[in-house]
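To start, the structure under review is shown below, and the notes come after it.
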Amino acid sequence: MRASTISTGLFALSLCLTASLGALPAAAQDDGYGYRFHEDGDSGLSGFAGLRGSLAFMGEAKGTIPGTTPTSMRAAYDIGGGASFYVGTRLPLGLRLEGEALYRYLPFSDVTLGATNAGAHGYTQMGGPMVNLLWDLPVPSFPFRPFVGGGIGGLYTATKLTDTAGANAYYRNHNWSFAYQLLAGAEVPLSQSSRFTLMYRWLNANDVNGRCGLTGLTPATACKADINSQSVDLGIELDM
């Protein structure tokens, strides 16, 4: 899956959907498709906002340390976490468009350099805006509402990866990078205007520029790494 394909597709679909809203009758905003749980259980409001807390249970930073003999680098994350705040609007056909402000903290557990695996110390912090397009599956008779979607955005990433003694730094970065994510989950109604959310998230920061090395505390060689994280997100959402 290439980042350019995902970003182009989501961007084009968002533009088409947004442009089409002006040509649709007002009733299309409240047609009950995909987001009405039952006839008397929907607030009728098109806007929503929510908070999500994330438990990051898996992820890695991987790249190549340049040199006379390039060395592959694959660093695994331990259990991490984060949170996000989002606001959005409902579109026709069960679609939703949301803007999300996201933060992640991911501590390292171990690193593999070439064929050698060892313990690691350090962390990655990620934060920034994402734009998500979600689709509520048209199953209004269910006691919950399943959804799938994806998003693109930019994340500021700060990484420090060293050995367990902190004597050798393998990878460091402090900059912005393109990011994309895949989302899937379900919402359970708490009232006509509120719901509990449970979601799986796969998040990837693509080609993050940094400095790499094998010895010393100041990595001297420019390099890139892909940083990904998988998480379970729990949240509360309110209509507005």
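To be explicit about the labels: the chains of the structure tokens are called A, B, and onward in the order shown, and within each one the residues are counted from 1, while ligands get numbers from 1 in the order they are shown.
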
Per residue of stretch 74-157 of chain A within 9 Å of stretch 171-194 of chain A, record the nearest atom pair and its distance in Å to one decimal, counting only C-alpha atoms, with rows in chain order and ascending residue number, as a tab-separated table.
residue	atom	partner	partner_atom	distance
A:Gly128	CA	A:Trp176	CA	8.8
A:Met130	CA	A:Tyr180	CA	8.0
A:Asn132	CA	A:Gln181	CA	8.5
A:Leu134	CA	A:Leu183	CA	8.0
A:Asp136	CA	A:Ala186	CA	8.8
A:Pro143	CA	A:Val188	CA	7.0
A:Phe144	CA	A:Val188	CA	4.7
A:Arg145	CA	A:Glu187	CA	5.0
A:Pro146	CA	A:Ala186	CA	4.0
A:Phe147	CA	A:Gly185	CA	5.5
A:Val148	CA	A:Ala184	CA	4.3
A:Gly149	CA	A:Leu183	CA	5.0
A:Gly150	CA	A:Leu182	CA	4.3
A:Gly151	CA	A:Gln181	CA	5.2
A:Ile152	CA	A:Tyr180	CA	4.3
A:Gly153	CA	A:Ala179	CA	5.3
A:Gly154	CA	A:Phe178	CA	4.7
A:Leu155	CA	A:Trp176	CA	5.5
A:Tyr156	CA	A:Trp176	CA	4.2
A:Thr157	CA	A:Asn175	CA	5.6

Please produce an output containing C-alpha atoms for each residue in the selection, written as a compact mmCIF listing (two decimals), in the first residue's frame.
# COMPACT_ATOMS: atom_id res chain seq x y z
CA GLY A 128 -0.42 16.63 14.84
CA MET A 130 -5.35 14.24 10.80
CA ASN A 132 -10.47 11.21 8.51
CA LEU A 134 -15.43 7.24 7.89
CA ASP A 136 -21.06 3.87 8.94
CA PRO A 143 -27.49 -2.69 18.87
CA PHE A 144 -24.23 -1.04 17.80
CA ARG A 145 -23.03 0.81 14.69
CA PRO A 146 -19.91 -0.56 12.93
CA PHE A 147 -17.73 1.73 10.83
CA VAL A 148 -14.56 1.68 8.73
CA GLY A 149 -12.40 4.46 7.35
CA GLY A 150 -9.02 6.06 6.96
CA GLY A 151 -7.22 9.35 7.23
CA ILE A 152 -4.23 11.43 6.19
CA GLY A 153 -2.33 14.25 7.86
CA GLY A 154 0.97 15.53 9.18
CA LEU A 155 2.63 14.48 12.43
CA TYR A 156 5.52 16.08 14.28
CA THR A 157 7.73 13.15 15.31

Item to check | Residue contacts of A:Ala101 (8 Å, only C-alpha atoms) excluding same-chain residues fewer than 6 positions away, as a PyMOL selection string | outcome: chain A and resi 84-86+127-130

Next on the checklist: With distances taken over only C-alpha atoms, which residue among A:Tyr103, A:Tyr170, A:Phe142, A:Tyr200 lies nearest A:Gln125?
Outcome noted: A:Tyr103

Next on the checklist: With only C-alpha atoms as the counted atoms, please give the residues lying no more than 9 Å from A:Arg96, apart from itself and same-chain residues fewer than 4 positions off, as a ChimeraX atom specification.
Outcome noted: /A:88-92,132-136

Would you output that residue set with N, CA and C atoms, as an mmCIF file, in the first residue's frame?
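What ended up in selection.cif:
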data_model
loop_
_atom_site.group_PDB
_atom_site.id
_atom_site.type_symbol
_atom_site.label_atom_id
_atom_site.label_comp_id
_atom_site.auth_asym_id
_atom_site.auth_seq_id
_atom_site.Cartn_x
_atom_site.Cartn_y
_atom_site.Cartn_z
ATOM 1 N N GLY A 88 -16.425 16.778 13.766
ATOM 2 C CA GLY A 88 -16.752 16.379 12.412
ATOM 3 C C GLY A 88 -18.189 16.670 12.036
ATOM 4 N N THR A 89 -18.559 16.232 10.847
ATOM 5 C CA THR A 89 -19.913 16.414 10.334
ATOM 6 C C THR A 89 -20.333 15.170 9.560
ATOM 7 N N ARG A 90 -21.629 14.888 9.573
ATOM 8 C CA ARG A 90 -22.170 13.758 8.822
ATOM 9 C C ARG A 90 -22.463 14.175 7.388
ATOM 10 N N LEU A 91 -22.174 13.277 6.466
ATOM 11 C CA LEU A 91 -22.423 13.487 5.051
ATOM 12 C C LEU A 91 -23.480 12.484 4.592
ATOM 13 N N PRO A 92 -24.009 12.632 3.383
ATOM 14 C CA PRO A 92 -24.956 11.635 2.873
ATOM 15 C C PRO A 92 -24.314 10.250 2.763
ATOM 16 N N ASN A 132 -9.976 12.571 8.670
ATOM 17 C CA ASN A 132 -10.473 11.205 8.512
ATOM 18 C C ASN A 132 -11.804 11.181 7.766
ATOM 19 N N LEU A 133 -11.968 10.172 6.919
ATOM 20 C CA LEU A 133 -13.237 9.909 6.243
ATOM 21 C C LEU A 133 -13.714 8.532 6.694
ATOM 22 N N LEU A 134 -14.891 8.479 7.332
ATOM 23 C CA LEU A 134 -15.428 7.242 7.893
ATOM 24 C C LEU A 134 -16.748 6.885 7.219
ATOM 25 N N TRP A 135 -17.040 5.592 7.165
ATOM 26 C CA TRP A 135 -18.314 5.115 6.616
ATOM 27 C C TRP A 135 -19.013 4.260 7.648
ATOM 28 N N ASP A 136 -20.236 4.656 8.040
ATOM 29 C CA ASP A 136 -21.058 3.867 8.944
ATOM 30 C C ASP A 136 -21.784 2.805 8.133
#

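You will find atom CA of A:Gly82 at 23.9 Å from atom CA of A:Gly63.
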
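Atom to atom, atom CA of A:Arg52 and atom CA of A:Leu234 stand 5.4 Å apart.
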
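We find atom CA of A:Ala169 and atom CA of A:Ser54 to be spaced 28.1 Å apart.
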
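For the choices A:Gly166, A:Pro66, A:Gly50, A:Gly99, the atom-to-atom distance to A:Ala222 is smallest for A:Pro66 when using only C-alpha atoms.
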
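Distance check against A:Ala76 using only C-alpha atoms: of A:Thr112, A:Thr164, A:Thr64, A:Thr221, the minimum falls on A:Thr112.
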
Checklist entry - Quick one: of A:Leu51, A:Val111, A:Leu214, A:Leu93, who's nearest to A:Asp78, counting only C-alpha atoms? => result A:Val111

Item to check | Members of stretch 1-238 of chain A assigned strand (DSSP E) by DSSP, as JSON, numbers by chain | outcome: {"A": [47, 48, 49, 50, 51, 52, 53, 54, 55, 56, 57, 58, 59, 60, 61, 62, 63, 64, 65, 71, 72, 73, 74, 75, 76, 77, 80, 81, 82, 83, 84, 85, 86, 87, 88, 89, 90, 95, 96, 97, 98, 99, 100, 101, 102, 103, 104, 105, 106, 107, 108, 109, 110, 111, 112, 113, 116, 117, 118, 119, 121, 122, 123, 124, 125, 126, 127, 128, 129, 130, 131, 132, 133, 134, 135, 136, 145, 146, 147, 148, 149, 150, 151, 152, 153, 154, 155, 156, 157, 158, 159, 160, 161, 162, 169, 170, 171, 172, 173, 174, 175, 176, 177, 178, 179, 180, 181, 182, 183, 184, 185, 186, 187, 188, 189, 190, 191, 194, 195, 196, 197, 198, 199, 200, 201, 202, 203, 204, 205, 206, 207, 208, 209, 210, 211, 212, 221, 222, 223, 224, 225, 226, 227, 228, 229, 230, 231, 232, 233, 234, 235, 236, 237, 238]}

Checklist outcome for this item: Closest of A:Tyr123, A:Phe48, A:Phe57, A:Tyr77 to A:Glu98, counting only C-alpha atoms, is A:Phe48

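The shortest atom-to-atom distance to A:Ala120, with only C-alpha atoms taken into account, belongs to A:Thr162 out of A:Thr162, A:Asn206, A:Asn168, A:Thr215.
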